[in-house]
file run.cif (mmCIF, C-alpha atoms and all ligand atoms)
data_upload
loop_
_atom_site.label_atom_id
_atom_site.label_comp_id
_atom_site.auth_asym_id
_atom_site.auth_seq_id
_atom_site.Cartn_x
_atom_site.Cartn_y
_atom_site.Cartn_z
CA MET A 84 147.91 41.27 -1.44
CA ASP A 85 149.81 42.18 -4.61
CA ILE A 86 148.07 42.15 -7.93
CA ALA A 87 150.17 43.04 -10.93
CA VAL A 88 148.15 43.23 -14.15
CA ASP A 89 147.97 45.38 -17.19
CA THR A 90 144.62 47.10 -17.35
CA CYS A 91 142.75 48.24 -20.41
CA VAL A 92 139.43 49.99 -20.68
CA LEU A 93 136.95 48.30 -22.98
CA GLU A 94 134.98 50.52 -25.25
CA GLN A 95 131.76 51.48 -23.45
CA GLY A 96 128.74 49.63 -24.82
CA SER A 97 130.86 47.12 -26.77
CA GLU A 98 129.62 43.55 -26.88
CA LEU A 99 132.57 42.45 -24.74
CA ALA A 100 131.90 45.12 -22.14
CA ASP A 101 128.24 44.09 -21.92
CA ARG A 102 129.09 40.52 -20.93
CA PHE A 103 129.03 41.50 -17.26
CA THR A 104 125.37 42.49 -17.26
CA ARG A 105 124.07 39.61 -19.39
CA ALA A 106 122.64 36.67 -17.42
CA SER A 107 123.65 34.34 -20.25
CA THR A 108 127.33 35.07 -19.56
CA TRP A 109 127.10 33.01 -16.41
CA GLU A 110 125.19 30.03 -17.80
CA ARG A 111 127.16 26.85 -18.46
CA ALA A 112 125.51 24.05 -20.35
CA ASP A 113 127.70 21.46 -18.61
CA ALA A 114 127.27 22.52 -15.02
CA GLN A 115 123.71 23.47 -14.18
CA TRP A 116 122.80 23.35 -10.51
CA PRO A 117 119.07 24.05 -10.12
CA SER A 118 118.00 25.97 -7.02
CA HIS A 119 115.79 23.08 -5.86
CA GLU A 120 118.59 20.52 -6.09
CA GLN A 121 120.57 19.72 -2.97
CA ARG A 122 124.28 18.97 -3.35
CA THR A 123 127.13 18.26 -0.98
CA LEU A 124 129.82 20.90 -0.66
CA VAL A 125 133.26 20.08 0.73
CA CYS A 126 134.97 22.82 2.72
CA CYS A 127 138.48 23.32 1.36
CA ARG A 128 139.56 26.50 3.12
CA VAL A 129 138.53 28.73 6.02
CA LEU A 130 139.74 32.33 5.97
CA ALA A 131 139.51 34.79 8.87
CA GLU A 132 138.36 38.10 7.38
CA THR A 133 137.87 40.03 10.64
CA HIS A 134 137.62 39.07 14.32
CA ASP A 135 134.08 37.72 13.81
CA VAL A 136 133.80 37.11 10.05
CA ARG A 137 135.06 34.06 8.21
CA THR A 138 134.99 33.01 4.59
CA PHE A 139 134.23 29.33 4.00
CA VAL A 140 135.47 28.12 0.62
CA PHE A 141 133.80 25.01 -0.80
CA ALA A 142 134.39 22.67 -3.70
CA ALA A 143 131.67 20.48 -5.19
CA GLU A 144 131.85 16.87 -3.99
CA GLN A 145 132.33 15.63 -7.56
CA GLY A 146 134.73 18.48 -8.36
CA LYS A 147 132.29 19.96 -10.85
CA PRO A 148 132.26 23.71 -11.54
CA PHE A 149 129.58 25.90 -9.99
CA THR A 150 127.23 28.01 -12.07
CA PHE A 151 125.70 31.21 -10.76
CA GLU A 152 125.34 34.91 -11.40
CA PRO A 153 127.33 37.35 -9.27
CA GLY A 154 125.02 38.50 -6.47
CA GLN A 155 123.12 35.21 -6.11
CA PHE A 156 122.87 33.13 -2.94
CA VAL A 157 122.77 29.50 -1.91
CA THR A 158 120.63 27.92 0.81
CA VAL A 159 122.70 25.76 3.14
CA THR A 160 121.16 23.19 5.44
CA ALA A 161 122.51 21.42 8.49
CA GLU A 162 121.16 19.43 11.38
CA ILE A 163 121.77 21.51 14.48
CA GLU A 164 120.78 20.19 17.89
CA GLY A 165 118.60 17.59 16.23
CA LYS A 166 116.70 20.01 14.03
CA PRO A 167 117.16 20.74 10.33
CA VAL A 168 118.08 24.38 9.84
CA SER A 169 118.19 26.18 6.48
CA ARG A 170 119.85 29.49 5.89
CA CYS A 171 120.54 31.61 2.80
CA TYR A 172 123.99 33.12 2.23
CA THR A 173 124.99 35.26 -0.69
CA ILE A 174 128.01 33.94 -2.54
CA SER A 175 131.07 36.12 -2.03
CA SER A 176 133.26 34.46 -4.67
CA PRO A 177 132.80 35.31 -8.35
CA PRO A 178 131.44 32.88 -10.96
CA THR A 179 134.61 33.54 -12.95
CA ARG A 180 136.38 31.19 -10.49
CA PRO A 181 133.90 28.34 -10.93
CA TYR A 182 135.67 25.46 -9.16
CA THR A 183 135.07 26.89 -5.71
CA LEU A 184 132.19 28.73 -4.09
CA SER A 185 132.60 30.89 -0.99
CA ILE A 186 130.26 32.25 1.62
CA THR A 187 131.41 34.90 4.08
CA VAL A 188 129.68 34.65 7.43
CA LYS A 189 129.59 36.96 10.42
CA ARG A 190 129.18 35.25 13.78
CA ALA A 191 125.93 36.72 15.12
CA PRO A 192 124.75 36.53 18.73
CA GLY A 193 122.02 33.86 18.74
CA GLY A 194 122.63 33.10 15.06
CA VAL A 195 122.04 29.37 14.99
CA MET A 196 123.66 28.67 11.63
CA SER A 197 126.38 31.33 11.75
CA ASN A 198 127.65 30.10 15.11
CA TRP A 199 127.44 26.50 13.98
CA LEU A 200 129.47 27.25 10.86
CA HIS A 201 132.13 29.13 12.84
CA ASP A 202 132.35 26.34 15.42
CA ASN A 203 132.15 23.31 13.15
CA MET A 204 133.16 24.04 9.58
CA THR A 205 136.79 23.13 8.98
CA GLU A 206 138.74 21.89 5.98
CA GLY A 207 137.27 18.56 4.88
CA SER A 208 133.85 19.15 6.52
CA THR A 209 130.79 18.81 4.32
CA LEU A 210 127.64 20.87 4.05
CA SER A 211 124.42 20.43 2.07
CA ALA A 212 123.24 23.29 -0.09
CA TYR A 213 120.51 24.02 -2.59
CA GLY A 214 121.54 25.55 -5.89
CA PRO A 215 122.08 29.27 -6.49
CA SER A 216 119.12 31.60 -6.70
CA GLY A 217 118.25 35.28 -6.50
CA ILE A 218 117.68 38.26 -8.77
CA PHE A 219 120.02 40.78 -7.13
CA THR A 220 122.48 40.54 -10.01
CA PRO A 221 124.05 42.91 -12.57
CA SER A 222 121.44 41.84 -15.13
CA ALA A 223 118.75 43.43 -12.90
CA GLY A 224 120.01 46.84 -13.98
CA PRO A 225 122.49 46.88 -16.86
CA SER A 226 124.41 50.13 -16.76
CA GLU A 227 127.83 51.54 -17.57
CA LYS A 228 128.10 53.24 -14.18
CA ALA A 229 127.25 51.58 -10.88
CA LEU A 230 127.18 52.56 -7.23
CA TYR A 231 127.50 49.66 -4.78
CA LEU A 232 126.34 50.48 -1.26
CA SER A 233 126.79 47.89 1.48
CA ALA A 234 126.98 47.58 5.23
CA GLY A 235 128.44 44.78 7.35
CA SER A 236 128.24 41.36 5.71
CA GLY A 237 126.00 42.89 3.01
CA VAL A 238 129.32 43.42 1.23
CA THR A 239 129.30 39.82 -0.05
CA PRO A 240 127.10 39.98 -3.21
CA LEU A 241 128.75 43.24 -4.25
CA MET A 242 132.18 41.69 -3.70
CA SER A 243 131.19 38.83 -6.00
CA MET A 244 130.13 41.38 -8.64
CA THR A 245 133.33 43.42 -8.24
CA ARG A 246 135.57 40.35 -8.46
CA ALA A 247 133.64 39.06 -11.48
CA ALA A 248 133.96 42.37 -13.34
CA PHE A 249 137.68 42.41 -12.61
CA ASP A 250 138.19 38.79 -13.69
CA LEU A 251 136.39 39.48 -16.97
CA GLY A 252 139.06 42.08 -17.63
CA GLN A 253 136.55 44.88 -17.42
CA ASP A 254 137.28 48.20 -15.80
CA ARG A 255 133.64 48.90 -15.07
CA ASP A 256 132.88 52.31 -13.60
CA ILE A 257 132.05 51.21 -10.06
CA VAL A 258 132.01 53.26 -6.88
CA PHE A 259 131.88 50.90 -3.92
CA VAL A 260 130.84 52.56 -0.65
CA HIS A 261 130.97 50.18 2.29
CA SER A 262 129.87 51.03 5.84
CA ALA A 263 131.32 49.25 8.87
CA ARG A 264 131.06 49.64 12.61
CA THR A 265 134.78 50.26 13.10
CA PRO A 266 137.87 50.02 10.85
CA GLU A 267 138.57 46.59 12.38
CA ASP A 268 135.16 45.42 11.07
CA ILE A 269 135.81 46.23 7.41
CA ILE A 270 135.53 43.02 5.39
CA PHE A 271 137.78 42.52 2.32
CA ALA A 272 139.59 45.82 3.06
CA LYS A 273 142.98 44.69 1.67
CA GLU A 274 141.57 43.02 -1.43
CA LEU A 275 139.39 46.00 -2.32
CA ALA A 276 142.37 48.31 -1.87
CA ALA A 277 144.44 46.11 -4.19
CA LEU A 278 141.67 45.97 -6.82
CA GLU A 279 141.27 49.74 -6.64
CA GLN A 280 144.97 50.15 -7.18
CA VAL A 281 145.02 48.25 -10.47
CA SER A 282 141.62 49.29 -11.83
CA ARG A 283 141.26 52.69 -13.44
CA THR A 284 137.56 52.97 -12.75
CA LEU A 285 136.91 51.24 -9.41
CA ARG A 286 136.69 53.60 -6.44
CA VAL A 287 136.33 52.26 -2.91
CA ILE A 288 135.14 54.36 0.02
CA HIS A 289 134.81 53.04 3.55
CA ILE A 290 132.68 54.76 6.17
CA CYS A 291 133.07 53.81 9.84
CA GLU A 292 130.57 54.48 12.59
CA ALA A 293 133.30 54.62 15.22
CA GLN A 294 137.03 55.29 15.39
CA SER A 295 139.51 52.38 15.46
CA GLU A 296 141.06 51.16 18.70
CA LYS A 297 144.31 52.90 17.76
CA GLY A 298 142.42 56.07 16.86
CA ASP A 299 144.11 56.26 13.45
CA TRP A 300 141.10 56.05 11.10
CA GLN A 301 141.43 58.85 8.53
CA GLY A 302 138.30 58.11 6.47
CA PRO A 303 134.73 59.33 6.92
CA LEU A 304 133.20 58.75 10.35
CA GLY A 305 129.48 58.30 10.99
CA ARG A 306 126.81 56.98 8.67
CA LEU A 307 126.11 57.44 4.99
CA SER A 308 124.22 60.71 4.57
CA LEU A 309 123.12 62.68 1.54
CA ASP A 310 125.82 65.29 2.19
CA LEU A 311 128.50 62.59 2.37
CA LEU A 312 127.15 60.90 -0.78
CA LYS A 313 127.17 64.19 -2.69
CA GLU A 314 130.73 64.84 -1.56
CA CYS A 315 132.12 61.35 -2.29
CA VAL A 316 130.04 60.43 -5.35
CA PRO A 317 128.95 63.69 -7.00
CA ASP A 318 127.53 61.83 -10.03
CA TYR A 319 125.45 59.38 -7.94
CA GLN A 320 122.27 60.32 -9.82
CA GLU A 321 123.79 58.88 -13.04
CA ARG A 322 124.57 55.53 -11.42
CA GLU A 323 122.66 52.24 -11.14
CA VAL A 324 122.55 51.60 -7.39
CA PHE A 325 122.87 48.15 -5.78
CA THR A 326 122.38 48.04 -2.00
CA CYS A 327 122.80 45.21 0.50
CA GLY A 328 122.96 45.25 4.28
CA PRO A 329 120.76 45.12 7.37
CA ALA A 330 117.11 46.12 6.81
CA GLY A 331 117.50 49.44 8.69
CA TYR A 332 120.54 50.37 6.60
CA MET A 333 118.80 49.60 3.30
CA GLU A 334 115.74 51.59 4.37
CA ALA A 335 117.92 54.58 5.27
CA VAL A 336 119.82 54.33 1.97
CA ARG A 337 116.63 54.19 -0.05
CA LYS A 338 115.31 57.29 1.71
CA THR A 339 118.63 59.13 1.29
CA LEU A 340 118.62 58.44 -2.45
CA LEU A 341 114.98 59.48 -2.81
CA ASP A 342 115.78 62.72 -0.95
CA GLY A 343 118.68 63.17 -3.35
CA ASN A 344 116.43 62.76 -6.42
CA HIS A 345 118.00 59.51 -7.52
CA ASN A 346 115.72 57.71 -9.99
CA PRO A 347 114.03 54.88 -7.98
CA SER A 348 113.84 52.68 -11.08
CA ARG A 349 117.65 52.56 -11.00
CA TYR A 350 117.73 51.38 -7.39
CA HIS A 351 118.13 47.67 -6.52
CA GLN A 352 118.38 46.16 -3.10
CA GLU A 353 118.70 42.63 -1.83
CA SER A 354 115.04 42.06 -1.08
CA PHE A 355 115.67 39.47 1.56
CA ASN A 356 117.45 40.25 4.78
CA PHE A 357 119.43 37.05 5.03
CA ALA A 358 121.39 38.18 8.03
CA GLU A 359 118.34 38.23 10.21
CA THR A 360 116.51 35.14 9.04
CA VAL A 361 116.89 31.66 10.35
CA GLU A 362 114.40 29.20 9.07
CA VAL A 363 113.78 26.02 10.99
CA VAL A 364 112.07 23.53 8.76
CA GLU A 365 109.64 21.46 10.70
CA ALA A 366 106.15 20.11 10.32
CA ALA A 367 103.46 22.77 10.41
CA PRO A 368 100.95 22.48 13.24
CA GLU A 369 97.64 20.79 12.56
CA GLU A 370 95.18 23.19 11.05
CA THR A 371 91.48 23.20 11.63
CA ALA A 372 89.44 21.50 8.96
CA SER A 373 88.21 23.87 6.29
CA ALA A 374 85.48 23.73 3.71
CA GLN A 375 87.96 24.47 0.91
CA PRO A 376 88.12 22.10 -2.07
CA CYS A 377 90.93 19.56 -1.77
CA PHE A 378 93.42 18.65 -4.48
CA THR A 379 96.06 15.98 -4.83
CA VAL A 380 99.76 16.75 -5.23
CA ARG A 381 101.86 14.01 -6.82
CA LEU A 382 105.66 14.12 -6.89
CA ALA A 383 106.53 12.47 -10.20
CA ARG A 384 110.03 11.28 -9.34
CA SER A 385 109.57 10.06 -5.77
CA GLY A 386 105.99 8.84 -6.35
CA LYS A 387 104.82 10.49 -3.10
CA THR A 388 101.34 12.04 -2.91
CA PHE A 389 99.59 14.29 -0.43
CA THR A 390 96.48 16.42 -0.35
CA VAL A 391 96.23 20.18 -0.16
CA ASP A 392 93.19 22.35 0.28
CA ALA A 393 92.75 25.44 -1.89
CA SER A 394 93.59 27.82 0.97
CA GLN A 395 97.01 26.24 1.60
CA THR A 396 100.30 26.62 -0.19
CA VAL A 397 101.82 23.43 -1.55
CA LEU A 398 104.76 23.85 0.86
CA ALA A 399 102.50 24.17 3.92
CA ALA A 400 100.54 21.06 2.89
CA ALA A 401 103.76 19.11 2.27
CA ARG A 402 105.07 20.00 5.72
CA LYS A 403 101.78 18.98 7.29
CA ALA A 404 101.97 15.65 5.45
CA GLY A 405 105.57 15.13 6.53
CA VAL A 406 106.88 15.31 2.96
CA PRO A 407 110.15 17.30 2.91
CA LEU A 408 110.33 19.93 0.16
CA PRO A 409 113.26 22.33 -0.24
CA SER A 410 112.48 25.73 1.22
CA SER A 411 114.02 28.61 3.08
CA CYS A 412 112.28 32.00 3.25
CA SER A 413 108.69 30.73 2.78
CA GLN A 414 107.90 34.18 1.36
CA GLY A 415 108.39 33.78 -2.37
CA ILE A 416 111.71 35.61 -2.27
CA CYS A 417 114.64 33.22 -2.17
CA GLY A 418 113.67 30.74 -4.91
CA THR A 419 114.75 27.64 -2.96
CA CYS A 420 111.33 25.97 -3.38
CA LYS A 421 111.30 26.43 -7.16
CA THR A 422 110.15 23.38 -9.09
CA THR A 423 108.57 22.47 -12.42
CA LEU A 424 104.82 22.10 -12.53
CA LEU A 425 104.34 19.14 -14.89
CA GLU A 426 100.53 18.98 -14.76
CA GLY A 427 97.71 21.08 -13.34
CA THR A 428 97.45 24.72 -12.33
CA VAL A 429 98.35 26.86 -9.32
CA GLU A 430 97.85 30.45 -8.28
CA MET A 431 101.23 31.95 -7.36
CA LYS A 432 101.86 35.25 -5.56
CA HIS A 433 105.61 35.65 -5.27
CA ASN A 434 107.93 38.41 -4.11
CA GLY A 435 110.58 38.34 -6.79
CA GLY A 436 112.01 34.85 -6.17
CA ILE A 437 111.32 33.70 -9.72
CA ARG A 438 111.97 35.28 -13.10
CA PRO A 439 109.35 35.68 -15.85
CA ARG A 440 111.37 33.43 -18.16
CA GLU A 441 111.33 30.69 -15.49
CA ILE A 442 107.56 31.02 -15.14
CA ASP A 443 107.35 30.69 -18.93
CA ARG A 444 109.35 27.46 -18.64
CA GLY A 445 106.78 26.04 -16.20
CA LEU A 446 108.60 26.63 -12.93
CA ARG A 447 106.69 27.70 -9.81
CA LEU A 448 107.52 28.53 -6.17
CA MET A 449 105.85 26.03 -3.86
CA CYS A 450 105.86 28.29 -0.79
CA CYS A 451 103.53 30.80 -2.42
CA SER A 452 101.54 28.62 -4.84
CA LYS A 453 98.03 27.44 -4.06
CA PRO A 454 96.64 24.70 -6.31
CA THR A 455 93.55 25.29 -8.39
CA SER A 456 93.50 21.66 -9.63
CA ASP A 457 95.26 18.37 -8.96
CA ILE A 458 98.94 18.89 -9.74
CA VAL A 459 102.06 16.89 -10.60
CA LEU A 460 105.49 18.25 -9.70
CA ASP A 461 108.89 17.29 -11.12
CA MET A 462 110.30 16.08 -7.82
FE1 LIG A 501 111.92 31.02 -0.55
FE2 LIG A 501 109.90 29.62 -1.54
S1 LIG A 501 111.09 29.15 0.17
S2 LIG A 501 110.83 31.35 -2.39
#

call {"tool": "encode", "arguments": {"input": "run.cif", "output": "C-alpha cells"}}
result
Amino acid sequence: MDIAVDTCVLEQGSELADRFTRASTWERADAQWPSHEQRTLVCCRVLAETHDVRTFVFAAEQGKPFTFEPGQFVTVTAEIEGKPVSRCYTISSPPTRPYTLSITVKRAPGGVMSNWLHDNMTEGSTLSAYGPSGIFTPSAGPSEKALYLSAGSGVTPLMSMTRAAFDLGQDRDIVFVHSARTPEDIIFAKELAALEQVSRTLRVIHICEAQSEKGDWQGPLGRLSLDLLKECVPDYQEREVFTCGPAGYMEAVRKTLLDGNHNPSRYHQESFNFAETVEVVEAAPEETASAQPCFTVRLARSGKTFTVDASQTVLAAARKAGVPLPSSCSQGICGTCKTTLLEGTVEMKHNGGIRPREIDRGLRLMCCSKPTSDIVLDM
C-alpha cells in the first residue's frame, strides 16, 4: 500500500493537536446513533487480513454517516440456528471515514458469531447492530505520548485510533507494539508499515511468539517482557498506555508495567474481553417467588409494561416477561442496554459502561439497575 503525503508536526498542546483526545471531536449533530438503537448495516466489502481474520466493511442502510469515538465498539445481532445471538466487536475503521464502519473478526473455534460472519457475510448481506459504545477511547487518557499494546484481534480499537490520528493530520507520538502468534498472523501489517513510513512519530513493533513458516522473521520472538519493553520503548513510563487483547495477555501486560513502575493511573485496558464472550439472548428461567417489593416498568414508546421485584435488574425482569430489551454483556460494561429513565428511580451498579455525563442526562444501564420505585423508560 503506497501512501504519499506531506507530513507536518502540529505544535504540542495546540488546540488543533488536542482534537484527537476530545470526545466532542467525534460528535456530529446530524448523525447520532444511540447505543440502544438498532440499525441495519449493509456489507459493502469483505477483506481477507490473514488466513483466519477478515474485515467486514458496512454502510448504513440509509447511507447516513456513522458517529463514534475511535476505540468504541458496536453490538451486532443475528439469528443463528434459530436463536438470537449478540456479540460486541470493536470498530477497526476510524470515525474520520464516517460513511463506512468496519469490524475485523478472527474466526474462533466454537465462536458462534465469528464463524457465522465468516461463512455468511458477503457483499450485499445485512446485519443488525446497536449503536457505538465504550469508554476505551483517547479521551480516557489525553496525553501527548501514547503506547498502544495489543495482541491478536485486540489490535482493532488501537488501529481505529491510529488511523484517526493520521487522518486528522496529526503526527501523534505513538508507539504501537502488537503481539501475534506468528508473522503470518499479524493483522494490518502492511498498512501499519505504510503509516509508519510517512509519519514522523509513529513507531510500530511486532512481536511474534513463533517463527514464520519460511523461518525469515527478523523481529523480536517470544512474548512482551519488561526487558523487551525497556529495550524497545525506553520512555514507556512517560506514555499513556492503551491495552487490548485476550484477558491473559492484558493481565500479563498490567503486571509487567506495574513491575516496571509505570503509573497505573495512566494505564487503560479494554475492560471487556469481547473475543471470549458470546451472549445468547433468551428468556431467563423462572425464579422462585420472593418477598421483595414489586414495581412496574412502563416502556413509554411501545406502551409495554411488566413487573420487576426489587432484587431483580430491569433487564432480567424484561427477559422473564418476554419483553426484548437491547443487551449484550449483562455486566454493566458494554453500554448496549443504555436507556433514558423518564420517571422513577433505580439503583445502578455498573462497571464502566456509562459515563458520568450520561448519568447526568438521565441515562441508565438496564442490566445493572434495580428499581426503587415504579419507572418509565424511553423505549
Ligand atoms: Fe452491557 Fe448492559 S448489557 S452494559

call {"tool": "closest_residue", "arguments": {"input": "run.cif", "among": "A:Tyr213, A:Leu275, A:Met196, A:Leu241", "to": "Leu408 of chain A", "atoms": "all atoms listed in the file"}}
result
A:Tyr213

call {"tool": "residues_near_ligand", "arguments": {"input": "run.cif", "ligand": "ligand LIG 501 (chain A)", "cutoff": "7 Å", "atoms": "only C-alpha atoms and all ligand atoms", "output": "list in words"}}
result
Ser410, Ser411, Cys412, Ser413, Gln414, Gly415, Ile416, Cys417, Gly418, Thr419, Cys420, Lys421, Gly436, Leu448, Met449, Cys450 and Cys451 of chain A

call {"tool": "atom_distance", "arguments": {"input": "run.cif", "atom1": "atom CA of Pro178 of chain A", "atom2": "atom CA of Gln155 of chain A"}}
result
9.9 Å

call {"tool": "residues_around", "arguments": {"input": "run.cif", "residues": "segment 131-137 of chain A", "least_positions_apart": "5", "cutoff": "9 Å", "atoms": "all atoms listed in the file", "output": "short mmCIF file (atom, residue, chain, number, x, y, z; two decimals) with C-alpha atoms, keeping the file's coordinate frame"}}
result
data_model
loop_
_atom_site.label_atom_id
_atom_site.label_comp_id
_atom_site.auth_asym_id
_atom_site.auth_seq_id
_atom_site.Cartn_x
_atom_site.Cartn_y
_atom_site.Cartn_z
CA ILE A 186 130.26 32.25 1.62
CA THR A 187 131.41 34.90 4.08
CA VAL A 188 129.68 34.65 7.43
CA LYS A 189 129.59 36.96 10.42
CA ARG A 190 129.18 35.25 13.78
CA ALA A 191 125.93 36.72 15.12
CA HIS A 201 132.13 29.13 12.84
CA SER A 236 128.24 41.36 5.71
CA GLU A 267 138.57 46.59 12.38
CA ASP A 268 135.16 45.42 11.07
CA ILE A 269 135.81 46.23 7.41
CA ILE A 270 135.53 43.02 5.39
CA PHE A 271 137.78 42.52 2.32
CA ALA A 272 139.59 45.82 3.06
#

call {"tool": "closest_residue", "arguments": {"input": "run.cif", "among": "A:Pro317, A:Gly235, A:Phe141, A:Thr265", "to": "Gln301 of chain A", "atoms": "all atoms listed in the file"}}
result
A:Thr265

call {"tool": "closest_atom_pairs", "arguments": {"input": "run.cif", "of": "segment 192-286 of chain A", "to": "segment 157-171 of chain A", "cutoff": "7 Å", "atoms": "all atoms listed in the file", "output": "tab-separated table"}}
result
residue	atom	partner	partner_atom	distance
A:Met196	CA	A:Arg170	CA	6.9
A:Leu210	CA	A:Ala161	CA	6.8
A:Ser211	CA	A:Thr160	CA	5.4
A:Ala212	CA	A:Val159	CA	4.1
A:Tyr213	CA	A:Thr158	CA	5.2
A:Gly214	CA	A:Val157	CA	5.7
A:Pro215	CA	A:Val157	CA	4.6
A:Ser216	CA	A:Val157	CA	6.4

call {"tool": "residues_around", "arguments": {"input": "run.cif", "residues": "Arg264 of chain A", "least_positions_apart": "5", "cutoff": "7 Å", "atoms": "only C-alpha atoms", "output": "number ranges by chain"}}
result
A: 291-293

call {"tool": "closest_residue", "arguments": {"input": "run.cif", "among": "A:Lys313, A:Arg438, A:His351, A:His261", "to": "Ile290 of chain A", "atoms": "only C-alpha atoms"}}
result
A:His261

call {"tool": "atom_distance", "arguments": {"input": "run.cif", "atom1": "atom CA of Arg447 of chain A", "atom2": "atom CA of Pro177 of chain A"}}
result
27.2 Å

call {"tool": "closest_residue", "arguments": {"input": "run.cif", "among": "A:Asp256, A:Glu206, A:Glu274, A:Glu426", "to": "Tyr319 of chain A", "atoms": "only C-alpha atoms"}}
result
A:Asp256
